[in-house]
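Raw contents of input.cif, mmCIF, C-alpha atoms:
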data_upload
#
loop_
_atom_site.group_PDB
_atom_site.id
_atom_site.type_symbol
_atom_site.label_atom_id
_atom_site.label_comp_id
_atom_site.auth_asym_id
_atom_site.auth_seq_id
_atom_site.Cartn_x
_atom_site.Cartn_y
_atom_site.Cartn_z
ATOM 1 C CA MET M 82 16.172 -14.932 -7.229
ATOM 2 C CA SER M 83 16.099 -11.158 -7.623
ATOM 3 C CA SER M 84 19.518 -9.725 -8.503
ATOM 4 C CA THR M 85 19.185 -7.227 -5.625
ATOM 5 C CA PHE M 86 18.097 -9.831 -3.065
ATOM 6 C CA GLU M 87 21.151 -10.775 -1.002
ATOM 7 C CA ILE M 88 21.724 -12.945 2.056
ATOM 8 C CA ARG M 89 24.906 -12.565 4.066
ATOM 9 C CA GLU M 90 25.616 -14.930 6.927
ATOM 10 C CA THR M 91 28.378 -14.753 9.537
ATOM 11 C CA GLN M 92 28.806 -16.236 13.001
ATOM 12 C CA GLN M 93 27.410 -13.033 14.529
ATOM 13 C CA GLU M 94 24.746 -11.898 12.046
ATOM 14 C CA ILE M 95 22.295 -12.843 9.332
ATOM 15 C CA LEU M 96 21.682 -9.878 7.005
ATOM 16 C CA VAL M 97 19.014 -9.964 4.298
ATOM 17 C CA SER M 98 18.903 -6.988 1.942
ATOM 18 C CA GLY M 99 17.221 -5.682 -1.195
ATOM 19 C CA TRP M 100 17.391 -2.480 -3.196
ATOM 20 C CA ASN M 101 15.626 -0.404 -0.519
ATOM 21 C CA TYR M 102 15.769 -2.400 2.746
ATOM 22 C CA ARG M 103 18.063 -4.267 5.115
ATOM 23 C CA PHE M 104 16.947 -6.687 7.836
ATOM 24 C CA GLY M 105 19.572 -8.057 10.200
ATOM 25 C CA TRP M 106 19.392 -10.614 13.033
ATOM 26 C CA ASN M 107 21.975 -10.836 15.781
ATOM 27 C CA ARG M 108 22.708 -14.568 15.980
ATOM 28 C CA LEU M 109 24.014 -14.251 19.537
ATOM 29 C CA ASN M 110 20.589 -13.260 20.901
ATOM 30 C CA GLY M 111 18.232 -13.932 17.959
ATOM 31 C CA ARG M 112 16.963 -10.365 17.854
ATOM 32 C CA LEU M 113 16.050 -8.311 14.778
ATOM 33 C CA GLU M 114 18.483 -5.474 15.473
ATOM 34 C CA CYS M 115 18.964 -3.998 11.993
ATOM 35 C CA VAL M 116 16.122 -2.352 10.060
ATOM 36 C CA GLU M 117 17.366 0.080 7.425
ATOM 37 C CA ALA M 118 15.578 1.825 4.553
ATOM 38 C CA PHE M 119 16.900 3.498 1.390
ATOM 39 C CA ASP M 120 15.240 6.837 0.596
ATOM 40 C CA GLY M 121 16.424 7.095 -3.017
ATOM 41 C CA LEU M 122 19.600 8.911 -1.946
ATOM 42 C CA ASN M 123 20.893 7.487 1.348
ATOM 43 C CA TRP M 124 20.518 4.563 3.723
ATOM 44 C CA ASN M 125 18.775 5.311 7.022
ATOM 45 C CA ARG M 126 18.864 3.262 10.217
ATOM 46 C CA LEU M 127 15.299 3.214 11.558
ATOM 47 C CA LEU M 128 15.904 1.513 14.917
ATOM 48 C CA PRO M 129 17.372 3.564 17.777
ATOM 49 C CA GLU M 130 20.679 2.410 19.193
ATOM 50 C CA GLY M 131 20.347 -0.640 21.424
ATOM 51 C CA CYS M 132 16.763 -1.461 20.363
ATOM 52 C CA HIS M 133 15.260 -4.280 18.327
ATOM 53 C CA ALA M 134 12.024 -4.950 16.418
ATOM 54 C CA GLY M 135 9.547 -7.721 17.118
ATOM 55 C CA PHE M 136 9.144 -9.103 20.648
ATOM 56 C CA SER M 137 9.662 -6.905 23.711
ATOM 57 C CA TRP M 138 11.159 -9.826 25.665
ATOM 58 C CA LEU M 139 12.746 -13.077 24.577
ATOM 59 C CA PRO M 140 14.279 -16.061 26.369
ATOM 60 C CA PRO M 141 17.919 -16.844 25.517
ATOM 61 C CA VAL M 142 18.432 -17.950 21.923
ATOM 62 C CA ILE M 143 19.370 -21.603 21.362
ATOM 63 C CA ARG M 144 19.151 -21.697 17.559
ATOM 64 C CA CYS M 145 19.271 -19.064 14.799
ATOM 65 C CA GLU M 146 19.796 -20.320 11.274
ATOM 66 C CA ILE M 147 18.712 -20.063 7.661
ATOM 67 C CA ALA M 148 16.439 -23.022 6.974
ATOM 68 C CA GLY M 149 15.795 -22.485 3.285
ATOM 69 C CA LYS M 150 15.773 -20.241 0.237
ATOM 70 C CA ASP M 151 12.970 -20.411 -2.262
ATOM 71 C CA GLY M 152 12.752 -18.096 -5.245
ATOM 72 C CA ASP M 153 12.639 -14.550 -3.965
ATOM 73 C CA SER M 154 12.464 -15.391 -0.261
ATOM 74 C CA CYS M 155 14.401 -16.992 2.544
ATOM 75 C CA LEU M 156 13.353 -18.643 5.812
ATOM 76 C CA LEU M 157 15.027 -18.070 9.169
ATOM 77 C CA GLN M 158 14.220 -20.373 12.067
ATOM 78 C CA VAL M 159 14.961 -19.038 15.537
ATOM 79 C CA GLU M 160 14.274 -20.792 18.842
ATOM 80 C CA TYR M 161 14.486 -19.207 22.281
ATOM 81 C CA ALA M 162 14.116 -21.093 25.568
ATOM 82 C CA ASN M 163 14.763 -21.146 29.290
ATOM 83 C CA SER M 164 13.292 -23.101 32.189
ATOM 84 C CA LEU M 165 9.968 -21.237 31.943
ATOM 85 C CA TRP M 166 9.363 -20.470 28.278
ATOM 86 C CA ARG M 167 9.983 -21.693 24.748
ATOM 87 C CA LEU M 168 9.397 -19.296 21.863
ATOM 88 C CA LYS M 169 9.744 -20.501 18.274
ATOM 89 C CA ALA M 170 9.806 -17.985 15.433
ATOM 90 C CA GLU M 171 9.948 -18.518 11.691
ATOM 91 C CA TYR M 172 10.900 -15.340 9.846
ATOM 92 C CA THR M 173 10.212 -15.407 6.102
ATOM 93 C CA VAL M 174 11.898 -12.509 4.317
ATOM 94 C CA PHE M 175 10.595 -11.668 0.862
ATOM 95 C CA ALA M 176 12.611 -9.908 -1.823
ATOM 96 C CA ARG M 177 9.977 -7.188 -2.187
ATOM 97 C CA GLY M 178 10.832 -5.878 1.278
ATOM 98 C CA TYR M 179 8.755 -7.481 3.990
ATOM 99 C CA VAL M 180 9.145 -9.973 6.825
ATOM 100 C CA ILE M 181 6.436 -12.353 8.047
ATOM 101 C CA CYS M 182 7.001 -13.949 11.451
ATOM 102 C CA ASP M 183 5.006 -17.029 12.504
ATOM 103 C CA PHE M 184 5.565 -17.668 16.194
ATOM 104 C CA SER M 185 4.468 -19.813 19.101
ATOM 105 C CA ILE M 186 4.985 -19.318 22.856
ATOM 106 C CA GLU M 187 4.816 -22.275 25.241
ATOM 107 C CA ALA M 188 4.880 -22.358 29.043
ATOM 108 C CA LEU M 189 7.291 -25.068 30.273
ATOM 109 C CA SER M 190 6.958 -24.825 34.070
ATOM 110 C CA ASP M 191 3.965 -25.701 36.245
ATOM 111 C CA ILE M 192 3.516 -21.977 36.762
ATOM 112 C CA SER M 193 5.303 -19.687 34.297
ATOM 113 C CA ALA M 194 5.322 -15.979 35.096
ATOM 114 C CA ALA M 195 5.510 -13.573 32.145
ATOM 115 C CA GLU M 196 6.074 -9.857 31.920
ATOM 116 C CA SER M 197 3.805 -7.862 29.619
ATOM 117 C CA LEU M 198 4.596 -8.770 26.014
ATOM 118 C CA TYR M 199 4.604 -6.175 23.256
ATOM 119 C CA ILE M 200 5.133 -6.846 19.565
ATOM 120 C CA GLY M 201 6.102 -3.931 17.350
ATOM 121 C CA ILE M 202 8.907 -1.648 16.258
ATOM 122 C CA PRO M 203 10.688 1.294 17.910
ATOM 123 C CA LEU M 204 11.358 4.029 15.332
ATOM 124 C CA ASP M 205 14.179 6.502 15.778
ATOM 125 C CA GLU M 206 12.843 10.036 16.283
ATOM 126 C CA GLU M 207 15.537 11.703 14.190
ATOM 127 C CA ALA M 208 15.404 9.236 11.283
ATOM 128 C CA VAL M 209 11.618 8.973 10.944
ATOM 129 C CA PHE M 210 9.913 11.953 12.596
ATOM 130 C CA SER M 211 12.222 14.938 12.049
ATOM 131 C CA HIS M 212 10.616 15.896 8.700
ATOM 132 C CA ALA M 213 7.158 15.429 7.184
ATOM 133 C CA TYR M 214 5.373 12.286 8.399
ATOM 134 C CA ARG M 215 1.895 10.826 8.730
ATOM 135 C CA LEU M 216 0.815 8.184 11.242
ATOM 136 C CA LEU M 217 -2.001 5.915 10.064
ATOM 137 C CA ASN M 218 -4.344 3.294 11.550
ATOM 138 C CA LEU M 219 -3.772 4.178 15.192
ATOM 139 C CA ASP M 220 -7.320 3.459 16.378
ATOM 140 C CA ASN M 221 -8.321 0.168 17.973
ATOM 141 C CA ASP M 222 -11.315 -0.482 15.714
ATOM 142 C CA PRO M 223 -12.319 -4.180 15.572
ATOM 143 C CA ASP M 224 -14.971 -3.341 12.959
ATOM 144 C CA SER M 225 -12.308 -2.258 10.462
ATOM 145 C CA PRO M 226 -10.252 -5.318 9.460
ATOM 146 C CA ARG M 227 -7.481 -3.311 7.800
ATOM 147 C CA ALA M 228 -7.181 -0.633 10.465
ATOM 148 C CA ALA M 229 -7.391 -3.146 13.288
ATOM 149 C CA ARG M 230 -4.439 -5.149 11.995
ATOM 150 C CA ALA M 231 -2.120 -2.401 10.793
ATOM 151 C CA LEU M 232 0.028 0.391 12.169
ATOM 152 C CA SER M 233 1.661 2.598 9.560
ATOM 153 C CA VAL M 234 3.806 5.674 9.106
ATOM 154 C CA ASP M 235 4.661 7.487 5.878
ATOM 155 C CA PHE M 236 7.642 9.789 6.297
ATOM 156 C CA SER M 237 10.335 11.820 4.622
ATOM 157 C CA THR M 238 14.007 11.839 5.504
ATOM 158 C CA ASP M 239 14.502 15.327 4.034
ATOM 159 C CA GLY M 240 12.487 18.050 2.308
ATOM 160 C CA ARG M 241 10.703 15.697 -0.094
ATOM 161 C CA PRO M 242 7.014 15.006 0.687
ATOM 162 C CA VAL M 243 7.406 11.243 1.257
ATOM 163 C CA THR M 244 10.446 9.013 0.870
ATOM 164 C CA ASN M 245 9.557 5.853 2.840
ATOM 165 C CA SER M 246 6.805 3.921 4.591
ATOM 166 C CA VAL M 247 6.825 1.458 7.477
ATOM 167 C CA ASN M 248 3.915 -0.878 8.155
ATOM 168 C CA PHE M 249 3.611 -3.268 11.087
ATOM 169 C CA LEU M 250 0.728 -5.744 10.997
ATOM 170 C CA LEU M 251 -0.619 -8.324 13.445
ATOM 171 C CA GLU M 252 -2.740 -11.136 12.037
ATOM 172 C CA SER M 253 -4.926 -12.147 15.010
ATOM 173 C CA VAL M 254 -5.852 -9.083 17.031
ATOM 174 C CA MET M 255 -8.988 -10.433 18.702
ATOM 175 C CA THR M 256 -7.287 -12.879 21.078
ATOM 176 C CA GLY M 257 -4.135 -12.061 23.017
ATOM 177 C CA MET M 258 -2.210 -14.104 25.558
ATOM 178 C CA ASN M 259 -4.732 -13.304 28.305
ATOM 179 C CA GLY M 260 -7.733 -13.999 26.069
ATOM 180 C CA SER M 261 -8.536 -10.318 25.568
ATOM 181 C CA ILE M 262 -8.250 -8.156 22.445
ATOM 182 C CA CYS M 263 -4.715 -7.021 21.606
ATOM 183 C CA GLN M 264 -4.324 -3.286 22.144
ATOM 184 C CA LYS M 265 -2.486 -0.952 19.794
ATOM 185 C CA VAL M 266 0.348 1.063 21.294
ATOM 186 C CA CYS M 267 1.834 4.316 20.022
ATOM 187 C CA GLU M 268 4.177 5.705 22.678
ATOM 188 C CA GLN M 269 6.806 8.398 22.557
ATOM 189 C CA ASN M 270 9.964 7.623 24.504
ATOM 190 C CA ASN M 271 13.381 9.185 24.869
ATOM 191 C CA GLY M 272 14.665 9.405 21.288
ATOM 192 C CA TYR M 273 12.136 7.106 19.637
ATOM 193 C CA ARG M 274 8.461 6.202 19.194
ATOM 194 C CA TYR M 275 7.136 2.705 19.655
ATOM 195 C CA LEU M 276 4.438 1.353 17.312
ATOM 196 C CA GLY M 277 2.965 -2.049 18.089
ATOM 197 C CA TRP M 278 0.548 -4.102 20.144
ATOM 198 C CA LEU M 279 0.210 -5.175 23.738
ATOM 199 C CA ILE M 280 -0.215 -8.940 23.274
ATOM 200 C CA GLY M 281 -0.436 -9.934 26.929
ATOM 201 C CA SER M 282 -0.317 -8.295 30.346
ATOM 202 C CA ARG M 283 1.877 -9.513 33.210
ATOM 203 C CA SER M 284 0.429 -12.826 34.353
ATOM 204 C CA ASP M 285 1.079 -16.435 35.371
ATOM 205 C CA PHE M 286 0.403 -19.275 32.926
ATOM 206 C CA PRO M 287 0.017 -23.015 33.600
ATOM 207 C CA GLY M 288 2.424 -25.582 32.192
ATOM 208 C CA GLY M 289 1.590 -26.595 28.629
ATOM 209 C CA TRP M 290 -0.181 -23.320 27.859
ATOM 210 C CA ARG M 291 0.523 -22.259 24.260
ATOM 211 C CA TYR M 292 -0.117 -19.165 22.151
ATOM 212 C CA THR M 293 0.394 -18.652 18.396
ATOM 213 C CA ASN M 294 0.115 -15.646 16.125
ATOM 214 C CA ARG M 295 1.794 -13.955 13.177
ATOM 215 C CA TRP M 296 3.123 -10.470 12.475
ATOM 216 C CA CYS M 297 4.497 -8.694 9.425
ATOM 217 C CA LEU M 298 6.905 -5.790 8.904
ATOM 218 C CA THR M 299 7.076 -4.024 5.523
ATOM 219 C CA LEU M 300 9.404 -1.308 4.232
ATOM 220 C CA THR M 301 8.964 0.756 1.070
ATOM 221 C CA GLY M 302 11.010 3.566 -0.422
ATOM 222 C CA LEU M 303 11.536 5.726 -3.471
ATOM 223 C CA ASP M 304 12.892 3.803 -6.439
ATOM 224 C CA ASN M 305 15.591 5.730 -8.263
ATOM 225 C CA ARG M 306 16.922 2.804 -10.246
ATOM 226 C CA PRO M 307 17.275 3.267 -14.054
ATOM 227 C CA ASN M 308 13.862 3.210 -15.698
ATOM 228 C CA ARG M 309 13.060 3.693 -19.369
ATOM 229 C CA VAL M 310 9.861 5.553 -18.485
ATOM 230 C CA ARG M 311 11.585 8.171 -16.338
ATOM 231 C CA GLY M 312 12.024 11.414 -18.257
ATOM 232 C CA GLN M 313 9.419 10.568 -20.895
ATOM 233 C CA ARG M 314 6.487 12.803 -21.761
ATOM 234 C CA ILE M 315 3.589 10.392 -21.524
ATOM 235 C CA TYR M 316 0.213 10.872 -23.179
ATOM 236 C CA HIS M 317 -2.859 8.712 -22.505
ATOM 237 C CA TRP M 318 -5.752 7.989 -24.872
ATOM 238 C CA TYR M 319 -8.941 6.430 -23.504
ATOM 239 C CA GLY M 320 -11.181 6.343 -26.587
ATOM 240 C CA HIS M 321 -14.461 6.640 -24.691
ATOM 241 C CA SER M 322 -15.748 9.428 -26.923
ATOM 242 C CA ARG M 323 -15.442 10.516 -30.541
ATOM 243 C CA PRO M 324 -13.124 10.079 -32.229
ATOM 244 C CA LEU M 325 -12.814 6.571 -30.882
ATOM 245 C CA TYR M 326 -9.449 6.039 -32.576
ATOM 246 C CA LEU M 327 -6.483 8.341 -32.848
ATOM 247 C CA THR M 328 -6.404 10.329 -36.074
ATOM 248 C CA ASP M 329 -3.257 11.453 -37.830
ATOM 249 C CA ASP M 330 -3.977 15.053 -36.796
ATOM 250 C CA ILE M 331 -4.126 14.075 -33.109
ATOM 251 C CA LEU M 332 -0.882 12.109 -33.370
ATOM 252 C CA VAL M 333 0.844 15.033 -35.057
ATOM 253 C CA GLU M 334 -0.374 17.416 -32.343
ATOM 254 C CA MET M 335 0.892 15.064 -29.609
ATOM 255 C CA ALA M 336 4.276 14.931 -31.315
ATOM 256 C CA GLU M 337 4.419 18.735 -31.520
ATOM 257 C CA TYR M 338 3.894 18.897 -27.760
ATOM 258 C CA GLY M 339 6.773 16.489 -27.206
ATOM 259 C CA CYS M 340 4.948 13.191 -26.642
ATOM 260 C CA SER M 341 7.504 10.381 -26.466
ATOM 261 C CA LEU M 342 5.345 7.618 -24.982
ATOM 262 C CA LEU M 343 1.691 6.896 -25.777
ATOM 263 C CA ALA M 344 -0.481 4.700 -23.542
ATOM 264 C CA LEU M 345 -3.761 3.429 -25.003
ATOM 265 C CA HIS M 346 -6.667 2.600 -22.649
ATOM 266 C CA MET M 347 -9.373 1.654 -25.129
ATOM 267 C CA PRO M 348 -12.563 -0.313 -24.457
ATOM 268 C CA VAL M 349 -11.947 -2.522 -27.452
ATOM 269 C CA PHE M 350 -8.838 -3.895 -25.736
ATOM 270 C CA SER M 351 -11.005 -5.370 -22.958
ATOM 271 C CA HIS M 352 -11.495 -8.747 -24.568
ATOM 272 C CA ILE M 353 -10.959 -12.278 -23.353
ATOM 273 C CA ALA M 354 -7.344 -13.392 -23.582
ATOM 274 C CA GLY M 355 -6.779 -15.383 -26.780
ATOM 275 C CA SER M 356 -9.711 -13.898 -28.675
ATOM 276 C CA ILE M 357 -9.423 -11.395 -31.529
ATOM 277 C CA PRO M 358 -11.028 -7.956 -31.284
ATOM 278 C CA LYS M 359 -13.765 -7.792 -33.894
ATOM 279 C CA ASP M 360 -12.920 -4.213 -34.794
ATOM 280 C CA GLY M 361 -10.368 -4.451 -37.563
ATOM 281 C CA GLU M 362 -9.140 -0.886 -37.107
ATOM 282 C CA VAL M 363 -7.235 -1.745 -33.908
#
Please express the file's structure as structure tokens.
Amino acid sequence: MSSTFEIRETQQEILVSGWNYRFGWNRLNGRLECVEAFDGLNWNRLLPEGCHAGFSWLPPVIRCEIAGKDGDSCLLQVEYANSLWRLKAEYTVFARGYVICDFSIEALSDISAAESLYIGIPLDEEAVFSHAYRLLNLDNDPDSPRAARALSVDFSTDGRPVTNSVNFLLESVMTGMNGSICQKVCEQNNGYRYLGWLIGSRSDFPGGWRYTNRWCLTLTGLDNRPNRVRGQRIYHWYGHSRPLYLTDDILVEMAEYGCSLLALHMPVFSHIAGSIPKDGEV
């Protein structure tokens, strides 16, 4: 397991963190209430106070536990239920900084009424949108598989061009709870903006009705961890023209200009693994 991938479990919270992200579930209600990103300098809370990511409404939680750890990931199983609805969610958190949630919703009563259900993330206005930012994939375009399934924002927490990115994806966008296409939502509210999908409008559902889908939340950020490449003056040699190979004069000139790392991108290196290049000069 990655040395920066940590899982902390208490009676109130399950917190999964890596070098640039933190995801935390409140075990008392099963909600994803902590989403934090590291910008290379500081940690930033992306959710506004009192909000949570994922489902807009949930029945009371009856189970919230870690079901397994495998390599660089862990699995959380959460079950919510009342007299009308049962919602089961399996959250798989990966060490690279993303969460995949497989979920099912089942109607338990003869007639189960449901409010409109949204799936997405509210993003704090001050944390995400107070400096440079770019919203991506906002159109509902069923002919574009990537755009149809993704909502994204690149943003900066200070004067740098970009420090972090948030992506929220929905796997099946063509069929929502009411049988219609899921609609993207980008709404500005008091102190935050909501990015997500309208999965189902307010409606009544018969007993035994069931709906399944899957969503994903990813976080990325600047990596300021020690790196041997950082601070190097890197030169690249492609060898597509003459001279094909580096001569001593070229190497000396690179050294005079301060080259400390040389990357070779030469056609002769494009051979089948295990074979020997026939050019003996390499």
### Task
Point out the residue among M:Gly339, M:Thr256, M:Leu298, M:Ser261 with the least atom-to-atom distance to M:Leu113, counting all atoms listed in the file.
M:Leu298
### Task
Using all atoms listed in the file, find the one residue out of M:Glu94, M:Asp191, M:Glu171, M:Asp183 that sits nearest to M:Trp106.
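Distance minimum relative to M:Trp106 lands on M:Glu94.
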Residues of stretch 240-259 of chain M within 12 Å of stretch 100-104 of chain M: nearest atom pair and distance (Å, one decimal) for each, counting only C-alpha atoms, sorted by chain and number, as a Markdown table?
| residue | atom | partner | partner_atom | distance |
| --- | --- | --- | --- | --- |
| M:Thr244 | CA | M:Asn101 | CA | 10.8 |
| M:Asn245 | CA | M:Asn101 | CA | 9.3 |
| M:Ser246 | CA | M:Asn101 | CA | 11.1 |
| M:Val247 | CA | M:Tyr102 | CA | 10.8 |
Residue contacts of M:His133 (12 Å, all atoms listed in the file) excluding same-chain residues fewer than 6 positions away, as a short mmCIF file (atom, residue, chain, number, x, y, z; two decimals) with C-alpha atoms, keeping the file's coordinate frame:
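To be explicit, this is the file written out as part15.cif:
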data_model
loop_
_atom_site.label_atom_id
_atom_site.label_comp_id
_atom_site.auth_asym_id
_atom_site.auth_seq_id
_atom_site.Cartn_x
_atom_site.Cartn_y
_atom_site.Cartn_z
CA PHE M 104 16.95 -6.69 7.84
CA GLY M 105 19.57 -8.06 10.20
CA TRP M 106 19.39 -10.61 13.03
CA ASN M 107 21.98 -10.84 15.78
CA ASN M 110 20.59 -13.26 20.90
CA GLY M 111 18.23 -13.93 17.96
CA ARG M 112 16.96 -10.36 17.85
CA LEU M 113 16.05 -8.31 14.78
CA GLU M 114 18.48 -5.47 15.47
CA CYS M 115 18.96 -4.00 11.99
CA VAL M 116 16.12 -2.35 10.06
CA GLU M 117 17.37 0.08 7.42
CA ARG M 126 18.86 3.26 10.22
CA LEU M 127 15.30 3.21 11.56
CA LEU M 139 12.75 -13.08 24.58
CA TYR M 199 4.60 -6.18 23.26
CA ILE M 200 5.13 -6.85 19.57
CA GLY M 201 6.10 -3.93 17.35
CA ILE M 202 8.91 -1.65 16.26
CA PRO M 203 10.69 1.29 17.91
CA LEU M 204 11.36 4.03 15.33
CA ASP M 205 14.18 6.50 15.78
CA TYR M 273 12.14 7.11 19.64
CA TYR M 275 7.14 2.70 19.66
#
### Query
Could you list as a list in words every residue that has an atom within 9 Å of (10.8, 7.2, 18.6), using the file's coordinates and counting all atoms listed in the file?
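Returned residue set, sorted by chain then number, is Leu128, Pro129, Pro203, Leu204, Asp205, Glu206, Glu207, Ala208, Val209, Phe210, Glu268, Gln269, Asn270, Asn271, Gly272, Tyr273, Arg274, Tyr275 and Leu276 of chain M.
Proximity of M:Met255, M:Leu219, M:Ile181, M:Met335 to M:Cys267, computed with all atoms listed in the file, is greatest for M:Leu219.
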### Sphere at (-6.5, -8.3, 21.2), radius 12 Å, counting only C-alpha atoms: residues as number ranges by chain
M: 199-200, 221-223, 229-230, 251-266, 277-282, 294
Could the residues in this selection be saved with C-alpha atoms as a PDB file, in the frame of the given file?
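Heads up, here's the output in selection_23.pdb:
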ATOM      1  CA  TYR M 199       4.604  -6.175  23.256  1.00  0.00           C
ATOM      2  CA  ILE M 200       5.133  -6.846  19.565  1.00  0.00           C
ATOM      3  CA  ASN M 221      -8.321   0.168  17.973  1.00  0.00           C
ATOM      4  CA  ASP M 222     -11.315  -0.482  15.714  1.00  0.00           C
ATOM      5  CA  PRO M 223     -12.319  -4.180  15.572  1.00  0.00           C
ATOM      6  CA  ALA M 229      -7.391  -3.146  13.288  1.00  0.00           C
ATOM      7  CA  ARG M 230      -4.439  -5.149  11.995  1.00  0.00           C
ATOM      8  CA  LEU M 251      -0.619  -8.324  13.445  1.00  0.00           C
ATOM      9  CA  GLU M 252      -2.740 -11.136  12.037  1.00  0.00           C
ATOM     10  CA  SER M 253      -4.926 -12.147  15.010  1.00  0.00           C
ATOM     11  CA  VAL M 254      -5.852  -9.083  17.031  1.00  0.00           C
ATOM     12  CA  MET M 255      -8.988 -10.433  18.702  1.00  0.00           C
ATOM     13  CA  THR M 256      -7.287 -12.879  21.078  1.00  0.00           C
ATOM     14  CA  GLY M 257      -4.135 -12.061  23.017  1.00  0.00           C
ATOM     15  CA  MET M 258      -2.210 -14.104  25.558  1.00  0.00           C
ATOM     16  CA  ASN M 259      -4.732 -13.304  28.305  1.00  0.00           C
ATOM     17  CA  GLY M 260      -7.733 -13.999  26.069  1.00  0.00           C
ATOM     18  CA  SER M 261      -8.536 -10.318  25.568  1.00  0.00           C
ATOM     19  CA  ILE M 262      -8.250  -8.156  22.445  1.00  0.00           C
ATOM     20  CA  CYS M 263      -4.715  -7.021  21.606  1.00  0.00           C
ATOM     21  CA  GLN M 264      -4.324  -3.286  22.144  1.00  0.00           C
ATOM     22  CA  LYS M 265      -2.486  -0.952  19.794  1.00  0.00           C
ATOM     23  CA  VAL M 266       0.348   1.063  21.294  1.00  0.00           C
ATOM     24  CA  GLY M 277       2.965  -2.049  18.089  1.00  0.00           C
ATOM     25  CA  TRP M 278       0.548  -4.102  20.144  1.00  0.00           C
ATOM     26  CA  LEU M 279       0.210  -5.175  23.738  1.00  0.00           C
ATOM     27  CA  ILE M 280      -0.215  -8.940  23.274  1.00  0.00           C
ATOM     28  CA  GLY M 281      -0.436  -9.934  26.929  1.00  0.00           C
ATOM     29  CA  SER M 282      -0.317  -8.295  30.346  1.00  0.00           C
ATOM     30  CA  ASN M 294       0.115 -15.646  16.125  1.00  0.00           C
TER      31      ASN M 294
END
### Within 6 Å of stretch 233-236 of chain M using all atoms listed in the file, minus same-chain residues under 3 positions, as a list in words
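The filter keeps Ala213, Tyr214, Arg215, Leu216, Leu217, Val243, Asn245, Ser246, Val247 and Asn248 of chain M.
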### Query
What is the atom CA of M:Tyr172 to atom CA of M:Ala188 distance in Å?
21.3 Å
### Task
Please provide as a count of residues only all residues within 7 Å of M:Ala344, with the sequence filter that same-chain residues fewer than 6 positions apart are discarded (counting all atoms listed in the file).
3
### stretch 173-177 of chain M surroundings by only C-alpha atoms, 6 Å radius, close-in-sequence under 6 positions cut, as a list in words
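Final neighbour list, sorted by chain and number: Phe86, Asp153, Ser154, Cys155 and Leu156 of chain M.
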### Query
What is the atom CA of M:Ile147-atom CA of M:Thr299 distance in Å, reported with one decimal?
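Taking atom CA of M:Ile147 and atom CA of M:Thr299, their separation equals 19.9 Å.
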#### Entry: Distance in Å - atom CA of M:Gly135 versus atom CA of M:Leu122
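Taking atom CA of M:Gly135 as the start and atom CA of M:Leu122 as the end point, the length is 27.2 Å.
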### Task
Would you mind telling me which residue in M:Ser137, M:Thr91, M:Gln313, M:Thr328 lies nearest to M:Ser197 when using all atoms listed in the file?
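Among the listed residues, the smallest separation from M:Ser197 belongs to M:Ser137.
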### Query
Taking only C-alpha atoms into account, which of M:Thr85, M:Ser185, M:Gln93, M:Asn125 comes nearest M:Trp296?
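Using only C-alpha atoms, M:Trp296 sits closest to M:Ser185.
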### Query
Using only C-alpha atoms, which of M:Asp120, M:Ile88, M:Glu146, M:Leu343 sits nearest M:Gly240?
M:Asp120
Enclose all atoms of stretch 106-123 of chain M listed in the file in an axis-aligned box, grow every side by 5 Å, and hand back centre and edge lengths in Å to one decimal, as lines of an AutoDock Vina configuration file.
center_x = 19.6
center_y = -2.8
center_z = 8.9
size_x = 18.8
size_y = 33.5
size_z = 33.9
### Query
If you count only C-alpha atoms, which residues fall within 7 Å of M:Cys145, apart from same-chain ones fewer than 3 positions away, as a ChimeraX atom specification?
/M:108,111,158-160
Hey, can you spit out that residue selection with C-alpha atoms as an mmCIF file, in the coordinates of the input?
data_model
loop_
_atom_site.group_PDB
_atom_site.id
_atom_site.type_symbol
_atom_site.label_atom_id
_atom_site.label_comp_id
_atom_site.auth_asym_id
_atom_site.auth_seq_id
_atom_site.Cartn_x
_atom_site.Cartn_y
_atom_site.Cartn_z
ATOM 1 C CA ARG M 108 22.708 -14.568 15.980
ATOM 2 C CA GLY M 111 18.232 -13.932 17.959
ATOM 3 C CA GLN M 158 14.220 -20.373 12.067
ATOM 4 C CA VAL M 159 14.961 -19.038 15.537
ATOM 5 C CA GLU M 160 14.274 -20.792 18.842
#
